[in-house]
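Asks: Structure: data32.cif, mmCIF, N, CA and C atoms.
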```cif
data_structure
#
loop_
_atom_site.label_atom_id
_atom_site.label_comp_id
_atom_site.auth_asym_id
_atom_site.auth_seq_id
_atom_site.Cartn_x
_atom_site.Cartn_y
_atom_site.Cartn_z
N LYS A 1 -9.26 -38.01 2.08
CA LYS A 1 -7.96 -37.38 2.27
C LYS A 1 -7.56 -36.60 1.01
N THR A 2 -7.78 -37.21 -0.15
CA THR A 2 -7.46 -36.54 -1.41
C THR A 2 -8.29 -35.28 -1.59
N ALA A 3 -9.55 -35.34 -1.17
CA ALA A 3 -10.43 -34.17 -1.29
C ALA A 3 -9.91 -33.01 -0.45
N LYS A 4 -9.40 -33.31 0.75
CA LYS A 4 -8.85 -32.26 1.61
C LYS A 4 -7.62 -31.61 0.98
N ILE A 5 -6.79 -32.44 0.36
CA ILE A 5 -5.59 -31.90 -0.31
C ILE A 5 -6.00 -30.97 -1.44
N TRP A 6 -6.94 -31.41 -2.27
CA TRP A 6 -7.39 -30.57 -3.38
C TRP A 6 -8.09 -29.31 -2.89
N MET A 7 -8.81 -29.41 -1.76
CA MET A 7 -9.46 -28.22 -1.21
C MET A 7 -8.38 -27.22 -0.76
N GLY A 8 -7.31 -27.74 -0.14
CA GLY A 8 -6.21 -26.87 0.27
C GLY A 8 -5.54 -26.21 -0.91
N VAL A 9 -5.32 -26.97 -1.98
CA VAL A 9 -4.73 -26.41 -3.20
C VAL A 9 -5.65 -25.34 -3.78
N GLY A 10 -6.94 -25.60 -3.78
CA GLY A 10 -7.91 -24.64 -4.31
C GLY A 10 -7.92 -23.35 -3.51
N ILE A 11 -7.86 -23.45 -2.18
CA ILE A 11 -7.83 -22.25 -1.34
C ILE A 11 -6.56 -21.46 -1.62
N PHE A 12 -5.41 -22.16 -1.74
CA PHE A 12 -4.16 -21.48 -2.04
C PHE A 12 -4.25 -20.73 -3.36
N LEU A 13 -4.80 -21.38 -4.38
CA LEU A 13 -4.92 -20.74 -5.69
C LEU A 13 -5.87 -19.56 -5.66
N LEU A 14 -6.89 -19.63 -4.84
CA LEU A 14 -7.80 -18.49 -4.69
C LEU A 14 -7.12 -17.31 -4.00
N LEU A 15 -6.26 -17.62 -3.04
CA LEU A 15 -5.58 -16.55 -2.29
C LEU A 15 -4.40 -15.97 -3.05
N LEU A 16 -3.80 -16.73 -3.95
CA LEU A 16 -2.61 -16.28 -4.68
C LEU A 16 -2.84 -14.96 -5.41
N PRO A 17 -3.95 -14.77 -6.14
CA PRO A 17 -4.16 -13.47 -6.79
C PRO A 17 -4.22 -12.31 -5.81
N SER A 18 -4.73 -12.54 -4.59
CA SER A 18 -4.80 -11.44 -3.62
C SER A 18 -3.41 -11.06 -3.13
N VAL A 19 -2.47 -12.02 -3.12
CA VAL A 19 -1.09 -11.69 -2.75
C VAL A 19 -0.52 -10.71 -3.76
N TRP A 20 -0.80 -10.91 -5.05
CA TRP A 20 -0.26 -10.05 -6.09
C TRP A 20 -1.15 -8.85 -6.38
N ALA A 21 -2.31 -8.75 -5.73
CA ALA A 21 -3.23 -7.65 -6.01
C ALA A 21 -2.58 -6.30 -5.72
N GLN A 22 -1.73 -6.23 -4.71
CA GLN A 22 -1.08 -4.97 -4.34
C GLN A 22 0.28 -4.82 -5.01
N ALA A 23 0.70 -5.81 -5.75
CA ALA A 23 2.05 -5.81 -6.31
C ALA A 23 2.26 -4.63 -7.26
N GLU A 24 3.46 -4.12 -7.24
CA GLU A 24 3.83 -3.02 -8.12
C GLU A 24 4.89 -3.52 -9.10
N VAL A 25 4.73 -3.13 -10.35
CA VAL A 25 5.72 -3.46 -11.37
C VAL A 25 6.67 -2.28 -11.49
N ILE A 26 7.96 -2.58 -11.43
CA ILE A 26 8.98 -1.54 -11.44
C ILE A 26 9.90 -1.77 -12.63
N GLU A 27 10.06 -0.74 -13.44
CA GLU A 27 10.96 -0.77 -14.60
C GLU A 27 12.31 -0.23 -14.16
N LEU A 28 13.36 -0.97 -14.48
CA LEU A 28 14.72 -0.57 -14.11
C LEU A 28 15.50 -0.20 -15.36
N ASP A 29 16.12 0.95 -15.33
CA ASP A 29 16.98 1.38 -16.43
C ASP A 29 18.36 0.76 -16.25
N PRO A 30 19.14 0.63 -17.34
CA PRO A 30 20.50 0.11 -17.21
C PRO A 30 21.32 0.94 -16.23
N SER A 31 22.17 0.27 -15.47
CA SER A 31 23.05 0.89 -14.47
C SER A 31 22.28 1.70 -13.44
N GLN A 32 21.14 1.17 -13.01
CA GLN A 32 20.30 1.88 -12.04
C GLN A 32 20.32 1.18 -10.70
N SER A 33 20.29 1.99 -9.65
CA SER A 33 20.10 1.52 -8.29
C SER A 33 18.88 2.25 -7.76
N MET A 34 17.81 1.52 -7.45
CA MET A 34 16.56 2.16 -7.06
C MET A 34 16.14 1.71 -5.67
N ILE A 35 15.88 2.68 -4.80
CA ILE A 35 15.33 2.32 -3.50
C ILE A 35 13.87 1.95 -3.71
N ILE A 36 13.49 0.81 -3.21
CA ILE A 36 12.14 0.33 -3.37
C ILE A 36 11.31 0.70 -2.15
N THR A 37 11.86 0.52 -0.98
CA THR A 37 11.14 0.89 0.23
C THR A 37 12.12 1.14 1.37
N GLY A 38 11.71 1.99 2.30
CA GLY A 38 12.52 2.23 3.49
C GLY A 38 12.89 3.68 3.71
N LYS A 39 12.77 4.54 2.69
CA LYS A 39 13.12 5.96 2.85
C LYS A 39 11.93 6.79 3.34
N GLY A 40 10.72 6.38 2.94
CA GLY A 40 9.55 7.11 3.41
C GLY A 40 8.65 7.56 2.28
N PRO A 41 7.50 8.14 2.64
CA PRO A 41 6.51 8.58 1.65
C PRO A 41 7.13 9.54 0.63
N GLY A 42 6.82 9.30 -0.63
CA GLY A 42 7.31 10.15 -1.71
C GLY A 42 8.70 9.79 -2.19
N GLN A 43 9.40 8.93 -1.46
CA GLN A 43 10.75 8.55 -1.85
C GLN A 43 10.86 7.08 -2.23
N ASP A 44 9.87 6.30 -1.88
CA ASP A 44 9.91 4.86 -2.14
C ASP A 44 9.36 4.54 -3.52
N GLY A 45 9.96 3.51 -4.16
CA GLY A 45 9.49 3.05 -5.45
C GLY A 45 8.24 2.20 -5.33
N ALA A 46 8.02 1.59 -4.17
CA ALA A 46 6.83 0.79 -3.90
C ALA A 46 6.46 1.01 -2.43
N ILE A 47 5.19 0.94 -2.13
CA ILE A 47 4.72 1.17 -0.77
C ILE A 47 4.67 -0.15 -0.02
N ASN A 48 5.40 -0.22 1.08
CA ASN A 48 5.31 -1.37 1.99
C ASN A 48 4.38 -0.95 3.12
N PRO A 49 3.14 -1.46 3.12
CA PRO A 49 2.20 -1.05 4.17
C PRO A 49 2.55 -1.63 5.54
N TYR A 50 3.60 -2.42 5.62
CA TYR A 50 3.98 -3.07 6.87
C TYR A 50 5.33 -2.56 7.38
N LEU A 51 5.69 -1.33 7.07
CA LEU A 51 6.97 -0.77 7.50
C LEU A 51 7.13 -0.73 9.01
N ASP A 52 6.02 -0.70 9.74
CA ASP A 52 6.07 -0.57 11.19
C ASP A 52 6.31 -1.89 11.91
N ARG A 53 6.51 -2.98 11.14
CA ARG A 53 6.74 -4.30 11.73
C ARG A 53 7.54 -5.15 10.76
N GLU A 54 7.86 -6.36 11.18
CA GLU A 54 8.57 -7.27 10.28
C GLU A 54 7.64 -7.67 9.14
N SER A 55 8.22 -7.74 7.95
CA SER A 55 7.43 -8.11 6.78
C SER A 55 8.28 -8.91 5.81
N LEU A 56 7.64 -9.37 4.76
CA LEU A 56 8.32 -10.08 3.69
C LEU A 56 8.15 -9.29 2.41
N ALA A 57 9.22 -9.22 1.64
CA ALA A 57 9.15 -8.66 0.29
C ALA A 57 9.24 -9.82 -0.67
N LEU A 58 8.27 -9.92 -1.57
CA LEU A 58 8.29 -10.92 -2.63
C LEU A 58 8.71 -10.19 -3.89
N VAL A 59 9.87 -10.55 -4.42
CA VAL A 59 10.43 -9.87 -5.59
C VAL A 59 10.53 -10.89 -6.72
N GLU A 60 9.81 -10.62 -7.81
CA GLU A 60 9.82 -11.50 -8.96
C GLU A 60 10.48 -10.77 -10.13
N ASN A 61 11.40 -11.46 -10.79
CA ASN A 61 12.06 -10.90 -11.96
C ASN A 61 11.22 -11.28 -13.18
N ILE A 62 10.52 -10.30 -13.75
CA ILE A 62 9.70 -10.55 -14.93
C ILE A 62 10.36 -9.97 -16.17
N GLY A 63 11.64 -9.67 -16.06
CA GLY A 63 12.41 -9.14 -17.18
C GLY A 63 13.29 -10.22 -17.81
N GLU A 64 14.20 -9.76 -18.65
CA GLU A 64 15.08 -10.68 -19.40
C GLU A 64 16.45 -10.90 -18.76
N TYR A 65 16.84 -10.01 -17.84
CA TYR A 65 18.19 -10.06 -17.27
C TYR A 65 18.12 -10.13 -15.75
N PRO A 66 19.14 -10.71 -15.12
CA PRO A 66 19.15 -10.76 -13.65
C PRO A 66 19.38 -9.37 -13.06
N PHE A 67 18.94 -9.20 -11.83
CA PHE A 67 19.23 -7.99 -11.05
C PHE A 67 19.48 -8.42 -9.62
N GLU A 68 20.00 -7.50 -8.83
CA GLU A 68 20.29 -7.79 -7.43
C GLU A 68 19.32 -7.06 -6.52
N VAL A 69 18.98 -7.71 -5.43
CA VAL A 69 18.22 -7.09 -4.36
C VAL A 69 19.19 -6.87 -3.22
N ARG A 70 19.21 -5.63 -2.74
CA ARG A 70 20.12 -5.26 -1.63
C ARG A 70 19.28 -4.79 -0.45
N ILE A 71 19.55 -5.37 0.71
CA ILE A 71 18.88 -4.98 1.95
C ILE A 71 19.93 -4.29 2.81
N GLN A 72 19.59 -3.10 3.30
CA GLN A 72 20.55 -2.40 4.15
C GLN A 72 19.83 -1.55 5.18
N THR A 73 20.58 -1.13 6.18
CA THR A 73 20.08 -0.23 7.20
C THR A 73 21.18 0.75 7.59
N ARG A 74 20.85 2.00 7.59
CA ARG A 74 21.79 3.06 7.94
C ARG A 74 23.13 2.93 7.23
N GLY A 75 23.10 2.60 5.94
CA GLY A 75 24.30 2.49 5.13
C GLY A 75 25.03 1.16 5.24
N LYS A 76 24.61 0.29 6.15
CA LYS A 76 25.25 -1.00 6.32
C LYS A 76 24.48 -2.06 5.52
N ILE A 77 25.18 -2.72 4.60
CA ILE A 77 24.56 -3.75 3.77
C ILE A 77 24.39 -5.02 4.59
N LEU A 78 23.14 -5.53 4.63
CA LEU A 78 22.83 -6.74 5.36
C LEU A 78 22.79 -7.97 4.46
N GLU A 79 22.38 -7.76 3.20
CA GLU A 79 22.24 -8.89 2.28
C GLU A 79 22.19 -8.38 0.85
N ILE A 80 22.80 -9.13 -0.05
CA ILE A 80 22.68 -8.90 -1.50
C ILE A 80 22.41 -10.27 -2.12
N ARG A 81 21.36 -10.34 -2.93
CA ARG A 81 21.02 -11.61 -3.58
C ARG A 81 20.55 -11.34 -5.00
N GLU A 82 21.02 -12.14 -5.93
CA GLU A 82 20.61 -12.02 -7.32
C GLU A 82 19.26 -12.71 -7.54
N VAL A 83 18.43 -12.09 -8.38
CA VAL A 83 17.15 -12.68 -8.78
C VAL A 83 17.23 -12.90 -10.29
N SER A 84 17.18 -14.16 -10.69
CA SER A 84 17.28 -14.53 -12.11
C SER A 84 15.94 -14.31 -12.81
N PRO A 85 15.98 -14.13 -14.13
CA PRO A 85 14.74 -13.98 -14.90
C PRO A 85 13.79 -15.15 -14.66
N GLY A 86 12.53 -14.83 -14.47
CA GLY A 86 11.51 -15.85 -14.25
C GLY A 86 11.45 -16.39 -12.83
N LYS A 87 12.30 -15.90 -11.95
CA LYS A 87 12.34 -16.40 -10.57
C LYS A 87 11.75 -15.37 -9.60
N MET A 88 11.25 -15.88 -8.48
CA MET A 88 10.77 -15.03 -7.40
C MET A 88 11.54 -15.37 -6.13
N GLU A 89 11.97 -14.36 -5.41
CA GLU A 89 12.70 -14.54 -4.17
C GLU A 89 11.94 -13.83 -3.05
N GLU A 90 12.07 -14.37 -1.86
CA GLU A 90 11.43 -13.81 -0.68
C GLU A 90 12.51 -13.21 0.22
N PHE A 91 12.27 -12.00 0.72
CA PHE A 91 13.25 -11.31 1.56
C PHE A 91 12.58 -10.90 2.87
N ALA A 92 13.19 -11.30 3.99
CA ALA A 92 12.69 -10.90 5.30
C ALA A 92 13.16 -9.47 5.57
N LEU A 93 12.20 -8.61 5.92
CA LEU A 93 12.51 -7.21 6.19
C LEU A 93 12.19 -6.88 7.63
N LYS A 94 13.19 -6.48 8.36
CA LYS A 94 12.96 -6.00 9.73
C LYS A 94 12.52 -4.55 9.66
N LYS A 95 11.90 -4.09 10.69
CA LYS A 95 11.47 -2.70 10.77
C LYS A 95 12.66 -1.77 10.54
N GLY A 96 12.50 -0.80 9.65
CA GLY A 96 13.54 0.20 9.43
C GLY A 96 14.58 -0.12 8.38
N VAL A 97 14.50 -1.27 7.71
CA VAL A 97 15.49 -1.58 6.68
C VAL A 97 15.07 -0.99 5.34
N GLU A 98 16.05 -0.85 4.46
CA GLU A 98 15.82 -0.34 3.11
C GLU A 98 16.02 -1.48 2.12
N LEU A 99 15.19 -1.52 1.09
CA LEU A 99 15.30 -2.53 0.04
C LEU A 99 15.59 -1.81 -1.27
N TYR A 100 16.66 -2.22 -1.95
CA TYR A 100 17.08 -1.63 -3.22
C TYR A 100 17.08 -2.69 -4.31
N LEU A 101 16.84 -2.26 -5.53
CA LEU A 101 17.07 -3.09 -6.71
C LEU A 101 18.22 -2.47 -7.48
N ASP A 102 19.24 -3.27 -7.78
CA ASP A 102 20.43 -2.80 -8.49
C ASP A 102 20.57 -3.60 -9.78
N THR A 103 20.87 -2.90 -10.88
CA THR A 103 21.03 -3.60 -12.15
C THR A 103 22.00 -2.87 -13.06
N ALA A 104 22.68 -3.63 -13.89
CA ALA A 104 23.53 -3.06 -14.93
C ALA A 104 22.82 -3.08 -16.28
N LEU A 105 21.76 -3.87 -16.38
CA LEU A 105 21.00 -4.03 -17.63
C LEU A 105 19.54 -3.65 -17.38
N PRO A 106 18.78 -3.40 -18.43
CA PRO A 106 17.37 -3.07 -18.23
C PRO A 106 16.64 -4.24 -17.56
N GLY A 107 15.66 -3.93 -16.73
CA GLY A 107 14.95 -5.00 -16.04
C GLY A 107 13.56 -4.59 -15.64
N THR A 108 12.79 -5.60 -15.25
CA THR A 108 11.43 -5.39 -14.76
C THR A 108 11.21 -6.31 -13.57
N ALA A 109 10.71 -5.74 -12.49
CA ALA A 109 10.45 -6.50 -11.28
C ALA A 109 9.02 -6.31 -10.84
N ARG A 110 8.47 -7.34 -10.25
CA ARG A 110 7.17 -7.24 -9.58
C ARG A 110 7.46 -7.39 -8.09
N VAL A 111 7.02 -6.42 -7.29
CA VAL A 111 7.32 -6.40 -5.86
C VAL A 111 6.02 -6.33 -5.07
N ASN A 112 5.94 -7.16 -4.05
CA ASN A 112 4.79 -7.15 -3.16
C ASN A 112 5.28 -7.37 -1.73
N PHE A 113 4.49 -6.92 -0.79
CA PHE A 113 4.83 -7.03 0.62
C PHE A 113 3.72 -7.71 1.39
N MET A 114 4.09 -8.43 2.43
CA MET A 114 3.09 -9.03 3.31
C MET A 114 3.67 -9.11 4.71
N PRO A 115 2.80 -9.07 5.71
CA PRO A 115 3.31 -9.23 7.07
C PRO A 115 3.84 -10.64 7.27
N VAL A 116 4.78 -10.79 8.16
CA VAL A 116 5.42 -12.09 8.39
C VAL A 116 4.39 -13.15 8.74
N ASP A 117 3.39 -12.80 9.53
CA ASP A 117 2.42 -13.79 9.99
C ASP A 117 1.44 -14.24 8.91
N GLU A 118 1.48 -13.67 7.68
CA GLU A 118 0.59 -14.07 6.61
C GLU A 118 1.34 -14.61 5.40
N SER A 119 2.60 -15.02 5.58
CA SER A 119 3.37 -15.50 4.45
C SER A 119 2.78 -16.79 3.90
N PRO A 120 2.92 -17.00 2.54
CA PRO A 120 2.32 -18.20 1.94
C PRO A 120 3.06 -19.47 2.33
#
```
Would you write the structure of this file as structure tokens?

Replies:
Amino acid sequence: KTAKIWMGVGIFLLLLPSVWAQAEVIELDPSQSMIITGKGPGQDGAINPYLDRESLALVENIGEYPFEVRIQTRGKILEIREVSPGKMEEFALKKGVELYLDTALPGTARVNFMPVDESP
């Protein structure tokens, strides 16, 4: 039984780097609001290859100050959540929503996307 648990942990650790393999690091300037995904090619700060279906955004704060993640659609705000330094938050994205990072202070975020059916 213990061997199965360790095998599961090992598989998870092997897959974890592939989750971050597509991740994009985004630098945020003070008092910046940046669209991360949802506007379309050439306008997004990060590419969500799953825009055509429900997906998850994994947003990690790798900077020194907190920032907010804002999810909205057609100008209507659906959710705002703060991400503290050193923390990672998961955001469910329905087809057609926009994801923004808002900050008053300089920041750095790592953002990755995955389809709902492959979440860790």

Asks: Go through A:Ala57, A:Ile35, A:Ile47, A:Ile62 one by one, measure the shortest atom-to-atom distance of each to Ala109 of chain A using all atoms listed in the file, and give the residue with the smallest value.

Replies: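 With all atoms listed in the file as the atom set, the closest residue is A:Ile62.
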
Asks: Give me the residues near Thr108 of chain A as a list in words, where near means some atom within 10 Å (using only C-alpha atoms) and where sequence neighbours in that chain fewer than 5 positions away do not count.

Replies: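 So, after excluding close chain neighbours, the residues are Val25, Ile26, Glu27, Leu28, Asp29, Glu60, Asn61, Ile62, Gly63, Glu64, Tyr65, Pro66, Phe67 and Pro85 of chain A.
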
Asks: Run the PyMOL selection byres ((chain A and resi 72) around 6.5) on the file and write out the hits as a list in words.

Replies: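 Those residues are Arg70, Ile71, Thr73, Arg74, Gly75, Lys76, Ile77, Leu78, Glu79, Gly96, Val97, Glu98, Leu99 and Tyr100 of chain A.
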
Asks: If I take atom C of Met88 of chain A and atom N of Asp52 of chain A, how far is one from the other in Å, to one decimal?

Replies: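 Pair atom C of Met88 of chain A / atom N of Asp52 of chain A returns 22.3 Å.
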
Asks: Could you state which residues are captured by the PyMOL selection byres ((chain A and resi 111) around 5) in this file, as number ranges by chain?

Replies: A: 23-24, 58-59, 109-110, 112-113

Asks: So how far away is atom CA of Ser33 of chain A from atom C of Ala104 of chain A, in Å?

Replies: 9.6 Å

Asks: From the list A:Asn48, A:Gln32, A:Leu93, A:Glu68, which residue is nearest Val116 of chain A when using only C-alpha atoms?

Replies: A:Leu93

Asks: Which residue is closest to Leu101 of chain A? Choose from A:Asp117, A:Val83, A:Leu56, A:Pro49 and count only C-alpha atoms.

Replies: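 Nearest to Leu101 of chain A: A:Val83.
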
Asks: So what do you get for atom CA of Ser55 of chain A versus atom C of Ile36 of chain A, distance-wise?

Replies: 13.1 Å
